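S.K.: Just query09.cif, nothing more (mmCIF, C-alpha atoms):
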data_data
#
loop_
_atom_site.label_atom_id
_atom_site.label_comp_id
_atom_site.auth_asym_id
_atom_site.auth_seq_id
_atom_site.Cartn_x
_atom_site.Cartn_y
_atom_site.Cartn_z
CA MET A 206 19.00 -14.75 33.61
CA GLU A 207 22.60 -14.49 32.41
CA ASP A 208 23.93 -14.76 35.96
CA LEU A 209 21.83 -17.81 36.51
CA LEU A 210 23.19 -19.39 33.36
CA LEU A 211 26.74 -18.58 34.35
CA GLU A 212 26.32 -20.23 37.75
CA ALA A 213 24.70 -23.28 36.21
CA ASP A 214 27.44 -23.49 33.66
CA GLN A 215 30.19 -23.25 36.24
CA ALA A 216 28.58 -26.03 38.26
CA ALA A 217 28.37 -28.13 35.14
CA ASN A 218 32.06 -27.56 34.44
CA GLU A 219 32.95 -29.19 37.73
CA SER A 220 31.27 -32.45 36.78
CA ILE A 221 32.44 -32.85 33.20
CA VAL A 222 35.66 -32.21 31.36
CA PRO A 223 34.98 -30.32 28.16
CA ASP A 224 37.05 -31.11 25.08
CA GLU A 225 38.02 -27.53 24.43
CA ASP A 226 39.73 -25.01 26.63
CA ASP A 227 36.79 -22.84 27.67
CA SER A 228 38.55 -20.82 30.32
CA GLY A 229 38.04 -17.62 28.36
CA ASP A 230 34.95 -15.89 26.95
CA MET A 231 32.51 -17.39 29.43
CA GLN A 232 30.38 -14.31 29.03
CA ASP A 233 29.72 -15.06 25.39
CA GLU A 234 26.06 -16.01 25.34
CA GLU A 235 26.19 -18.16 22.25
CA GLU A 236 29.09 -20.29 23.52
CA LEU A 237 27.38 -20.63 26.88
CA VAL A 238 24.14 -21.86 25.34
CA ASN A 239 25.97 -24.25 23.00
CA PHE A 240 27.97 -25.74 25.87
CA GLN A 241 25.00 -26.28 28.12
CA ARG A 242 23.32 -28.49 25.56
CA LYS A 243 25.76 -31.24 26.57
CA ILE A 244 24.57 -31.35 30.16
CA LEU A 245 21.37 -33.04 31.24
CA PRO A 246 20.32 -31.13 34.38
CA ILE A 247 20.43 -27.91 32.43
CA ASP A 248 18.15 -29.12 29.62
CA ALA A 249 15.00 -27.70 31.15
CA LEU A 250 16.62 -24.32 31.44
CA ASP A 251 17.94 -24.68 27.90
CA LEU A 252 14.45 -25.43 26.58
CA GLY A 253 13.26 -22.30 28.34
CA ILE A 254 15.84 -20.26 26.46
CA LYS A 255 14.96 -21.86 23.14
CA SER A 256 11.30 -21.22 23.69
CA PHE A 257 12.09 -17.61 24.55
CA GLN A 258 14.15 -17.29 21.37
CA GLU A 259 11.41 -18.85 19.30
CA GLN A 260 8.88 -16.48 20.73
CA LYS A 261 11.03 -13.64 19.50
CA LEU A 262 11.37 -15.22 16.07
CA LEU A 263 7.77 -16.30 15.51
CA ASN A 264 4.71 -14.10 15.58
CA ALA A 265 1.45 -14.84 17.39
CA ALA A 266 0.17 -16.76 14.36
CA GLY A 267 3.26 -19.00 14.56
CA LYS A 268 4.74 -17.54 11.38
CA LYS A 269 8.36 -16.44 11.13
CA LYS A 270 8.86 -12.79 11.93
CA GLN A 271 10.46 -10.77 9.18
CA HIS A 272 13.70 -8.87 9.81
CA LEU A 273 11.87 -5.63 9.07
CA ILE A 274 11.76 -2.90 11.72
CA VAL A 275 9.29 -0.11 11.01
CA CYS A 276 10.30 3.16 12.65
CA ALA A 277 7.41 5.54 13.31
CA SER A 278 9.26 7.77 15.78
CA LEU A 279 8.56 10.87 13.68
CA ILE A 280 4.81 10.26 13.38
CA ASP A 281 2.45 11.93 15.79
CA LYS A 282 -1.13 11.21 14.69
CA VAL A 283 -2.74 8.35 16.57
CA PRO A 284 -4.72 6.96 13.58
CA ASN A 285 -1.48 6.65 11.60
CA LEU A 286 0.38 4.94 14.48
CA ALA A 287 -2.53 2.60 15.16
CA GLY A 288 -2.98 1.82 11.48
CA LEU A 289 0.72 1.03 11.17
CA ALA A 290 0.51 -1.30 14.18
CA ARG A 291 -2.23 -3.28 12.43
CA THR A 292 -0.35 -3.37 9.12
CA CYS A 293 2.95 -4.34 10.82
CA GLU A 294 1.27 -7.18 12.67
CA ILE A 295 -0.33 -8.53 9.50
CA PHE A 296 2.96 -8.45 7.59
CA SER A 297 4.83 -9.92 10.58
CA ALA A 298 7.30 -7.10 11.05
CA ARG A 299 9.83 -7.69 13.82
CA THR A 300 9.20 -4.44 15.69
CA LEU A 301 7.28 -1.20 15.38
CA VAL A 302 9.18 1.72 16.87
CA MET A 303 6.86 4.27 18.43
CA PRO A 304 7.48 7.84 19.61
CA ASN A 305 5.61 7.03 22.82
CA LEU A 306 4.33 3.70 24.07
CA LEU A 307 1.65 5.31 26.25
CA VAL A 308 -0.41 6.04 23.14
CA ARG A 309 -1.31 2.34 23.08
CA LYS A 310 -3.63 2.91 26.03
CA GLN A 311 -5.83 5.36 24.11
CA ASP A 312 -9.22 4.09 23.00
CA ASP A 313 -8.81 5.28 19.41
CA PHE A 314 -5.46 3.50 19.17
CA LYS A 315 -7.02 0.28 20.42
CA SER A 316 -9.94 0.40 18.03
CA ILE A 317 -8.01 1.43 14.89
CA SER A 318 -5.16 -1.01 15.54
CA ALA A 319 -7.66 -3.89 15.77
CA SER A 320 -5.84 -5.15 18.89
CA ALA A 321 -2.47 -5.33 17.10
CA ASN A 322 -1.05 -4.00 20.34
CA ASP A 323 -1.47 -7.47 21.83
CA TRP A 324 0.53 -9.13 19.07
CA ILE A 325 3.23 -6.89 17.68
CA ASP A 326 6.49 -6.02 19.47
CA MET A 327 6.76 -2.30 20.03
CA GLU A 328 9.70 -0.26 21.20
CA GLU A 329 9.85 3.39 22.21
CA CYS A 330 12.24 5.87 20.64
CA LYS A 331 11.54 9.57 20.80
CA GLU A 332 12.71 12.00 18.12
CA GLU A 333 15.57 13.26 20.32
CA GLY A 334 17.02 9.76 20.59
CA LEU A 335 16.34 8.76 16.99
CA LEU A 336 19.70 9.60 15.43
CA SER A 337 21.69 7.47 17.89
CA TRP A 338 19.08 4.69 17.63
CA LEU A 339 19.52 4.66 13.83
CA TYR A 340 23.33 4.47 14.14
CA GLN A 341 22.93 1.65 16.67
CA LYS A 342 20.81 -0.30 14.18
CA LYS A 343 23.45 0.23 11.50
CA THR A 344 26.05 -1.40 13.77
CA GLU A 345 23.63 -4.33 14.12
CA GLY A 346 23.72 -4.80 10.34
CA TYR A 347 20.45 -3.10 9.44
CA VAL A 348 20.10 -1.04 6.26
CA ILE A 349 18.27 2.21 7.00
CA VAL A 350 15.71 2.95 4.29
CA GLY A 351 14.01 6.35 4.42
CA LEU A 352 10.64 6.79 2.74
CA GLU A 353 11.13 10.30 1.38
CA GLN A 354 11.13 12.20 -1.89
CA THR A 355 14.72 13.45 -2.23
CA ALA A 356 17.01 14.18 -5.19
CA SER A 357 18.62 10.76 -4.80
CA SER A 358 15.55 8.69 -3.90
CA LYS A 359 15.20 5.37 -5.65
CA CYS A 360 11.82 4.54 -7.17
CA LEU A 361 10.13 1.81 -5.13
CA THR A 362 9.76 -0.28 -8.30
CA LYS A 363 13.58 -0.48 -8.50
CA MET A 364 14.35 -1.03 -4.84
CA GLU A 365 15.89 -4.31 -3.75
CA PHE A 366 15.40 -4.61 -0.03
CA SER A 367 17.91 -6.23 2.32
CA ALA A 368 16.34 -8.67 4.74
CA LYS A 369 17.60 -6.60 7.69
CA THR A 370 15.83 -3.33 6.95
CA VAL A 371 14.78 -0.42 9.11
CA LEU A 372 12.01 1.48 7.29
CA LEU A 373 12.12 5.06 8.53
CA LEU A 374 8.88 6.98 8.00
CA GLY A 375 8.69 10.76 7.95
CA LYS A 376 6.55 13.31 9.76
CA GLU A 377 3.01 13.76 8.50
CA LYS A 378 3.72 17.18 7.01
CA GLU A 379 7.48 17.72 6.68
CA GLY A 380 8.66 14.19 5.99
CA ILE A 381 12.10 13.15 7.29
CA PRO A 382 14.05 16.14 8.70
CA ILE A 383 17.46 16.62 7.11
CA GLU A 384 19.41 15.75 10.26
CA PHE A 385 18.21 12.15 10.05
CA LEU A 386 18.97 11.75 6.35
CA SER A 387 22.69 11.45 7.20
CA ALA A 388 21.94 8.13 8.89
CA VAL A 389 19.80 6.85 6.01
CA ASP A 390 21.48 4.41 3.59
CA GLN A 391 18.87 4.72 0.85
CA CYS A 392 15.80 6.87 0.33
CA ILE A 393 12.91 5.40 -1.63
CA GLU A 394 9.86 7.03 -3.14
CA ILE A 395 6.57 5.86 -4.57
CA PRO A 396 5.87 7.29 -8.03
CA GLN A 397 2.86 9.58 -7.79
CA LEU A 398 0.81 10.71 -10.74
CA GLY A 399 -1.64 13.16 -9.21
CA ILE A 400 -1.74 16.75 -8.10
CA ILE A 401 -1.79 16.01 -4.34
CA ARG A 402 1.74 16.18 -2.97
CA SER A 403 1.97 12.84 -1.24
CA LEU A 404 0.21 9.76 0.01
CA ASN A 405 -0.78 9.46 3.65
CA VAL A 406 2.19 8.18 5.67
CA HIS A 407 0.42 5.02 6.79
CA VAL A 408 -0.54 4.20 3.21
CA SER A 409 2.92 4.85 1.77
CA GLY A 410 4.41 2.87 4.67
CA ALA A 411 2.02 -0.02 3.99
CA ILE A 412 2.88 -0.06 0.27
CA SER A 413 6.60 -0.18 1.14
CA ILE A 414 6.08 -2.93 3.75
CA TRP A 415 4.13 -4.88 1.12
CA GLU A 416 6.96 -4.52 -1.43
CA TYR A 417 9.50 -5.68 1.16
CA THR A 418 7.29 -8.64 2.13
CA LYS A 419 6.75 -9.68 -1.47
CA GLN A 420 10.49 -9.62 -2.17
CA MET A 421 11.22 -11.74 0.91
CA MET A 422 8.49 -14.23 -0.08
CA GLN A 423 9.96 -14.51 -3.57
CA GLN A 424 13.49 -14.99 -2.19
CA GLU A 425 12.28 -17.76 0.09
CA LYS A 426 10.60 -19.56 -2.79
CA GLY A 427 13.44 -19.21 -5.26
CA MET B 108 -23.94 18.14 -30.58
CA GLU B 109 -23.65 15.47 -33.23
CA ASP B 110 -26.52 17.00 -35.22
CA LEU B 111 -24.78 20.33 -35.09
CA LEU B 112 -21.59 18.79 -36.40
CA LEU B 113 -23.45 16.99 -39.13
CA GLU B 114 -25.08 20.18 -40.30
CA ALA B 115 -21.80 22.05 -40.24
CA ASP B 116 -20.16 19.23 -42.08
CA GLN B 117 -22.78 19.13 -44.80
CA ALA B 118 -22.43 22.86 -45.28
CA ALA B 119 -18.68 22.42 -45.54
CA ASN B 120 -19.12 19.72 -48.17
CA GLU B 121 -20.87 22.19 -50.40
CA SER B 122 -17.90 24.51 -50.45
CA ILE B 123 -15.01 22.10 -50.84
CA VAL B 124 -14.50 18.94 -52.78
CA PRO B 125 -12.89 16.30 -50.65
CA ASP B 126 -10.45 13.88 -52.24
CA GLU B 127 -12.20 10.79 -50.98
CA ASP B 128 -15.75 9.63 -51.46
CA ASP B 129 -17.26 10.47 -48.09
CA SER B 130 -20.89 9.94 -48.97
CA GLY B 131 -21.19 7.05 -46.52
CA ASP B 132 -20.52 6.79 -42.79
CA MET B 133 -21.07 10.46 -42.01
CA GLN B 134 -22.15 9.48 -38.51
CA ASP B 135 -18.72 8.11 -37.67
CA GLU B 136 -17.38 10.61 -35.16
CA GLU B 137 -13.74 10.06 -35.91
CA GLU B 138 -14.15 10.60 -39.64
CA LEU B 139 -16.27 13.65 -38.95
CA VAL B 140 -13.68 15.19 -36.66
CA ASN B 141 -10.85 14.38 -39.05
CA PHE B 142 -12.71 15.96 -41.93
CA GLN B 143 -13.63 19.11 -40.06
CA ARG B 144 -9.98 19.91 -39.41
CA LYS B 145 -9.82 21.12 -43.00
CA ILE B 146 -12.49 23.76 -42.50
CA LEU B 147 -11.84 26.98 -40.67
CA PRO B 148 -15.24 27.95 -39.20
CA ILE B 149 -15.54 24.61 -37.43
CA ASP B 150 -12.12 24.71 -35.83
CA ALA B 151 -13.30 26.38 -32.65
CA LEU B 152 -15.96 23.75 -32.16
CA ASP B 153 -13.43 21.03 -32.90
CA LEU B 154 -11.03 22.42 -30.28
CA GLY B 155 -13.89 22.37 -27.81
CA ILE B 156 -14.42 18.67 -28.40
CA LYS B 157 -10.73 17.91 -28.09
CA SER B 158 -10.44 19.86 -24.90
CA PHE B 159 -13.44 18.00 -23.49
CA GLN B 160 -11.90 14.68 -24.43
CA GLU B 161 -8.56 15.63 -22.96
CA GLN B 162 -10.16 16.70 -19.71
CA LYS B 163 -11.65 13.26 -19.37
CA LEU B 164 -8.41 11.52 -20.26
CA LEU B 165 -5.91 13.61 -18.33
CA ASN B 166 -5.88 14.30 -14.61
CA ALA B 167 -5.40 17.67 -12.96
CA ALA B 168 -1.62 17.20 -13.05
CA GLY B 169 -1.83 16.71 -16.84
CA LYS B 170 -0.98 13.01 -16.57
CA LYS B 171 -2.94 10.33 -18.40
CA LYS B 172 -5.74 8.88 -16.32
CA GLN B 173 -5.56 5.14 -15.80
CA HIS B 174 -8.44 2.90 -16.89
CA LEU B 175 -8.91 1.86 -13.26
CA ILE B 176 -12.26 2.45 -11.57
CA VAL B 177 -12.25 1.99 -7.80
CA CYS B 178 -15.65 1.01 -6.44
CA ALA B 179 -16.18 1.93 -2.79
CA SER B 180 -19.99 1.57 -2.82
CA LEU B 181 -19.88 -0.97 0.02
CA ILE B 182 -17.73 1.17 2.32
CA ASP B 183 -19.38 3.35 4.93
CA LYS B 184 -16.66 4.89 7.11
CA VAL B 185 -15.76 8.43 6.11
CA PRO B 186 -12.00 8.11 6.88
CA ASN B 187 -11.79 5.11 4.53
CA LEU B 188 -13.70 6.88 1.73
CA ALA B 189 -11.67 10.06 2.15
CA GLY B 190 -8.39 8.14 2.29
CA LEU B 191 -9.32 6.27 -0.87
CA ALA B 192 -10.12 9.56 -2.62
CA ARG B 193 -6.60 10.80 -1.84
CA THR B 194 -4.98 7.52 -2.93
CA CYS B 195 -7.07 7.34 -6.14
CA GLU B 196 -6.13 10.90 -7.06
CA ILE B 197 -2.43 10.23 -6.52
CA PHE B 198 -2.49 7.07 -8.65
CA SER B 199 -4.63 8.80 -11.31
CA ALA B 200 -7.59 6.42 -11.19
CA ARG B 201 -10.31 7.22 -13.69
CA THR B 202 -13.19 7.31 -11.19
CA LEU B 203 -13.92 6.62 -7.55
CA VAL B 204 -17.42 5.21 -7.04
CA MET B 205 -18.95 6.35 -3.76
CA PRO B 206 -22.02 5.13 -1.88
CA ASN B 207 -23.07 8.75 -1.43
CA LEU B 208 -21.60 11.90 -2.92
CA LEU B 209 -22.90 14.11 -0.10
CA VAL B 210 -20.20 12.75 2.19
CA ARG B 211 -17.73 14.96 0.30
CA LYS B 212 -19.20 17.98 2.06
CA GLN B 213 -18.22 16.72 5.51
CA ASP B 214 -15.27 18.41 7.20
CA ASP B 215 -13.52 15.15 8.08
CA PHE B 216 -13.80 14.01 4.47
CA LYS B 217 -12.26 17.24 3.24
CA SER B 218 -9.37 17.14 5.67
CA ILE B 219 -8.51 13.43 5.31
CA SER B 220 -8.84 13.46 1.52
CA ALA B 221 -6.36 16.36 1.31
CA SER B 222 -8.68 18.11 -1.18
CA ALA B 223 -8.74 15.11 -3.55
CA ASN B 224 -12.40 15.94 -4.00
CA ASP B 225 -11.40 18.84 -6.22
CA TRP B 226 -9.35 16.63 -8.52
CA ILE B 227 -10.73 13.12 -8.79
CA ASP B 228 -13.87 12.15 -10.71
CA MET B 229 -16.44 10.62 -8.41
CA GLU B 230 -19.66 8.86 -9.23
CA GLU B 231 -22.45 7.73 -6.91
CA CYS B 232 -23.70 4.16 -6.76
CA LYS B 233 -25.56 2.90 -3.72
CA GLU B 234 -25.45 -0.74 -2.63
CA GLU B 235 -28.95 -1.38 -4.03
CA GLY B 236 -27.83 -0.35 -7.51
CA LEU B 237 -24.41 -1.97 -7.36
CA LEU B 238 -25.19 -5.29 -9.04
CA SER B 239 -26.62 -3.68 -12.17
CA TRP B 240 -23.80 -1.11 -12.18
CA LEU B 241 -21.26 -3.96 -12.14
CA TYR B 242 -22.98 -5.74 -15.05
CA GLN B 243 -23.09 -2.45 -16.95
CA LYS B 244 -19.32 -2.07 -16.51
CA LYS B 245 -18.82 -5.61 -17.79
CA THR B 246 -20.66 -4.71 -20.99
CA GLU B 247 -18.27 -1.75 -21.32
CA GLY B 248 -15.34 -4.16 -21.32
CA TYR B 249 -14.24 -3.81 -17.72
CA VAL B 250 -12.93 -6.78 -15.73
CA ILE B 251 -14.46 -6.80 -12.25
CA VAL B 252 -11.83 -7.61 -9.63
CA GLY B 253 -13.07 -8.19 -6.08
CA LEU B 254 -10.67 -7.72 -3.18
CA GLU B 255 -11.83 -10.57 -0.99
CA GLN B 256 -10.53 -13.73 0.64
CA THR B 257 -12.49 -16.52 -1.04
CA ALA B 258 -11.74 -20.16 -1.88
CA SER B 259 -10.82 -19.16 -5.43
CA SER B 260 -9.03 -15.88 -4.74
CA LYS B 261 -5.79 -15.31 -6.60
CA CYS B 262 -2.82 -14.11 -4.59
CA LEU B 263 -2.06 -10.49 -5.46
CA THR B 264 1.54 -11.48 -6.32
CA LYS B 265 0.17 -13.61 -9.17
CA MET B 266 -2.50 -11.25 -10.47
CA GLU B 267 -2.13 -9.80 -13.94
CA PHE B 268 -4.45 -6.83 -14.18
CA SER B 269 -6.29 -5.83 -17.33
CA ALA B 270 -6.03 -2.14 -18.13
CA LYS B 271 -9.83 -1.79 -17.91
CA THR B 272 -10.34 -2.88 -14.31
CA VAL B 273 -13.03 -2.19 -11.76
CA LEU B 274 -11.60 -2.82 -8.29
CA LEU B 275 -14.51 -3.72 -6.02
CA LEU B 276 -13.79 -3.22 -2.32
CA GLY B 277 -15.74 -4.94 0.43
CA LYS B 278 -17.56 -3.73 3.53
CA GLU B 279 -15.39 -2.87 6.52
CA LYS B 280 -16.51 -5.89 8.51
CA GLU B 281 -18.14 -8.43 6.22
CA GLY B 282 -16.22 -7.87 3.00
CA ILE B 283 -18.05 -8.39 -0.31
CA PRO B 284 -21.54 -9.91 0.21
CA ILE B 285 -22.10 -13.11 -1.75
CA GLU B 286 -24.73 -11.61 -4.07
CA PHE B 287 -22.09 -9.38 -5.66
CA LEU B 288 -19.53 -12.15 -6.12
CA SER B 289 -21.57 -13.47 -9.08
CA ALA B 290 -20.64 -10.32 -10.99
CA VAL B 291 -16.95 -10.53 -10.05
CA ASP B 292 -14.60 -11.95 -12.70
CA GLN B 293 -11.69 -12.56 -10.34
CA CYS B 294 -11.18 -12.24 -6.60
CA ILE B 295 -7.73 -11.30 -5.34
CA GLU B 296 -6.24 -11.44 -1.86
CA ILE B 297 -3.17 -10.05 -0.18
CA PRO B 298 -1.17 -12.74 1.65
CA GLN B 299 -1.33 -11.99 5.37
CA LEU B 300 1.06 -13.43 7.93
CA GLY B 301 -0.35 -12.20 11.22
CA ILE B 302 -3.09 -13.08 13.64
CA ILE B 303 -5.35 -10.12 12.80
CA ARG B 304 -7.92 -11.20 10.23
CA SER B 305 -7.43 -8.54 7.60
CA LEU B 306 -5.90 -5.26 6.62
CA ASN B 307 -7.92 -2.08 6.77
CA VAL B 308 -9.94 -1.71 3.54
CA HIS B 309 -8.25 1.54 2.52
CA VAL B 310 -4.81 -0.01 3.02
CA SER B 311 -5.60 -3.21 1.12
CA GLY B 312 -7.24 -1.10 -1.60
CA ALA B 313 -4.15 1.12 -1.80
CA ILE B 314 -1.82 -1.90 -2.08
CA SER B 315 -3.97 -3.28 -4.92
CA ILE B 316 -4.11 0.09 -6.71
CA TRP B 317 -0.31 0.28 -6.36
CA GLU B 318 0.11 -3.20 -7.92
CA TYR B 319 -2.18 -2.26 -10.79
CA THR B 320 -0.32 1.03 -11.34
CA LYS B 321 3.08 -0.67 -11.30
CA GLN B 322 1.96 -3.23 -13.89
CA MET B 323 0.60 -0.50 -16.17
CA MET B 324 3.84 1.50 -15.82
CA GLN B 325 5.87 -1.59 -16.73
CA GLN B 326 3.64 -2.34 -19.73
CA GLU B 327 4.04 1.22 -21.00
CA LYS B 328 7.82 1.02 -20.74
CA GLY B 329 8.25 -2.38 -22.25
#
Can you give me the file's structure in the form of structure tokens?
M.R.:
Amino acid sequence: MEDLLLEADQAANESIVPDEDDSGDMQDEEELVNFQRKILPIDALDLGIKSFQEQKLLNAAGKKKQHLIVCASLIDKVPNLAGLARTCEIFSARTLVMPNLLVRKQDDFKSISASANDWIDMEECKEEGLLSWLYQKKTEGYVIVGLEQTASSKCLTKMEFSAKTVLLLGKEKEGIPIEFLSAVDQCIEIPQLGIIRSLNVHVSGAISIWEYTKQMMQQEKG
Amino acid sequence: MEDLLLEADQAANESIVPDEDDSGDMQDEEELVNFQRKILPIDALDLGIKSFQEQKLLNAAGKKKQHLIVCASLIDKVPNLAGLARTCEIFSARTLVMPNLLVRKQDDFKSISASANDWIDMEECKEEGLLSWLYQKKTEGYVIVGLEQTASSKCLTKMEFSAKTVLLLGKEKEGIPIEFLSAVDQCIEIPQLGIIRSLNVHVSGAISIWEYTKQMMQQEKG
């Protein structure tokens, strides 16, 4: 696709004289796309790109996707993964990160996720690749929020989410292993009043996704 | 019990002269209990009453129970009932109303509920008795809140919960049947941005319980 654009752009350069010196940085995708808008024969291609971009920005219901990435790489129970897929689709999360994409083929995943698989973007990241994935997301401007009860966790009622958030969920029993906490910018916890140690990971994830969504809705309004 | 107290109290009256005229209103439990504190032989009985009251008001973790009753009479899937039991225990709901208490004996209930069964008060109310149960709760001062997408549903972000709330959850597929909506004081709904029709009932219930809990925590603080 990029090669094709480059060729088309070079051909276009021969027929028009651009105002600016564009001899450098031809690989820069944004400049390339901006430049092509001036040239008629490329419009169809340009529309294709825009449509592709829009598809990435809008969900299947035509609503804007949120900047939230939910990372479930540490979760291994299918009902939790499938439940999260359904919840992520409904709250229009950008991506759900799964430990293994093959799980989507399982019948129980399909039935519990209520076909979310067809509508939500999923990406695979196994536990062994998680630390470098988290650092990669930080370079992309994401704030890594870990849902874990630690000494420095912030109560969910006091958390102000950034739009670009990665919500990192912990393992069903042990939570988030210490080696990943180094990559986490902020841990959050849900105040719990009972004798049972913690909420189910899908439920605590859903409550956090809801809080994020509500804050983004309020920001948009005000 | 009350007769016993009355007898004990009358006997006590013969041996001491109270400062106030207490000839009237001897049936008033609070006055009775307050008076008995002066008299030694009744103290043990008095402690018994207090302990009983405290057991009903505090949860197993020693925290105050909320005035929230979660009604799951219309739910029939064991994982949803068991998940709700766990969530209700953690948020210190007063009671979880079940369609059938026998379900608690099932292995999947025990494992999914993470032993919540041992800690949360449960009550049985089948669908056929639900309407009269709801009206009974109204006479006890509870506001009946139905979690359902209707023409007059209030968005959860705008809902102000009363402390005495019954949260009525709908059936997994059909939601709350119309015959029960007549008993509902207010329907609420969670804004949903995706293409899938609705959140899982345990998840939407948990988000609503969380919102209620947060509001009660804020009221207590401020």
S.K.: Between B:Leu191, B:Leu263, B:Met323, B:Ile303, which has the minimum distance to A:Ala266 (counting all atoms listed in the file)?
M.R.: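 Of all the options, B:Ile303 lies closest to A:Ala266.
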S.K.: To test your reading of the syntax: which residues would the PyMOL selection byres ((chain B) within 10 of (chain A)) return for the file shown? Reply as JSON, numbers by chain.
M.R.: {"B": [166, 167, 168, 169, 170, 171, 172, 173, 186, 190, 191, 193, 194, 195, 196, 197, 198, 199, 200, 219, 220, 221, 222, 223, 226, 227, 263, 264, 297, 298, 299, 300, 301, 302, 303, 304, 305, 306, 307, 309, 310, 311, 312, 313, 314, 315, 316, 317, 318, 320, 321, 324, 325]}
S.K.: Identify which of the residues B:Ser259, B:Gln243, B:Gln293, B:Asn187 lies closest to B:Phe216, counting only C-alpha atoms when measuring atom-to-atom distances.
M.R.: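 That would be B:Asn187, the residue with the smallest distance to B:Phe216.
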S.K.: Tell me which protein, DNA and RNA residues are within 10 Å of B:Gly282, counting all atoms listed in the file, leaving out same-chain ones fewer than 2 positions away, and put them as a list in words.
M.R.: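 The filter keeps Leu181, Ile182, Gly253, Leu254, Glu255, Gln256, Leu276, Gly277, Lys278, Glu279, Lys280, Pro284, Ile285, Ser305 and Val308 of chain B.
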S.K.: What's the separation between atom CA of B:Lys271 and atom CA of B:Gly248, in Å to one decimal place?
M.R.: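 Atom-to-atom, atom CA of B:Lys271 to atom CA of B:Gly248, that is 6.9 Å.
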S.K.: Could you check how far atom CA of B:Lys233 sits from atom CA of B:Leu208, in Å to one decimal?
M.R.: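 Distance between the two atoms: 9.9 Å.
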S.K.: For this structure, which residues satisfy the selection - the PyMOL selection byres ((chain A and resi 329) around 10) - when it is evaluated on the file as given? I want them as an MDAnalysis selection string.
M.R.: chainID A and resid 276:278 301:307 327:328 330:332 334:335
S.K.: Using only C-alpha atoms, pick whichever of B:Ala258, B:Leu241, B:Ile295, B:Ala270 has the shortest atom-to-atom distance to B:Gln322.
M.R.: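 Among the listed residues, the smallest separation from B:Gln322 belongs to B:Ala270.
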S.K.: Please report the interatomic distance between atom CA of A:His272 and atom CA of A:Tyr417 in Å with one decimal.
M.R.: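 Distance between the two atoms: 10.1 Å.
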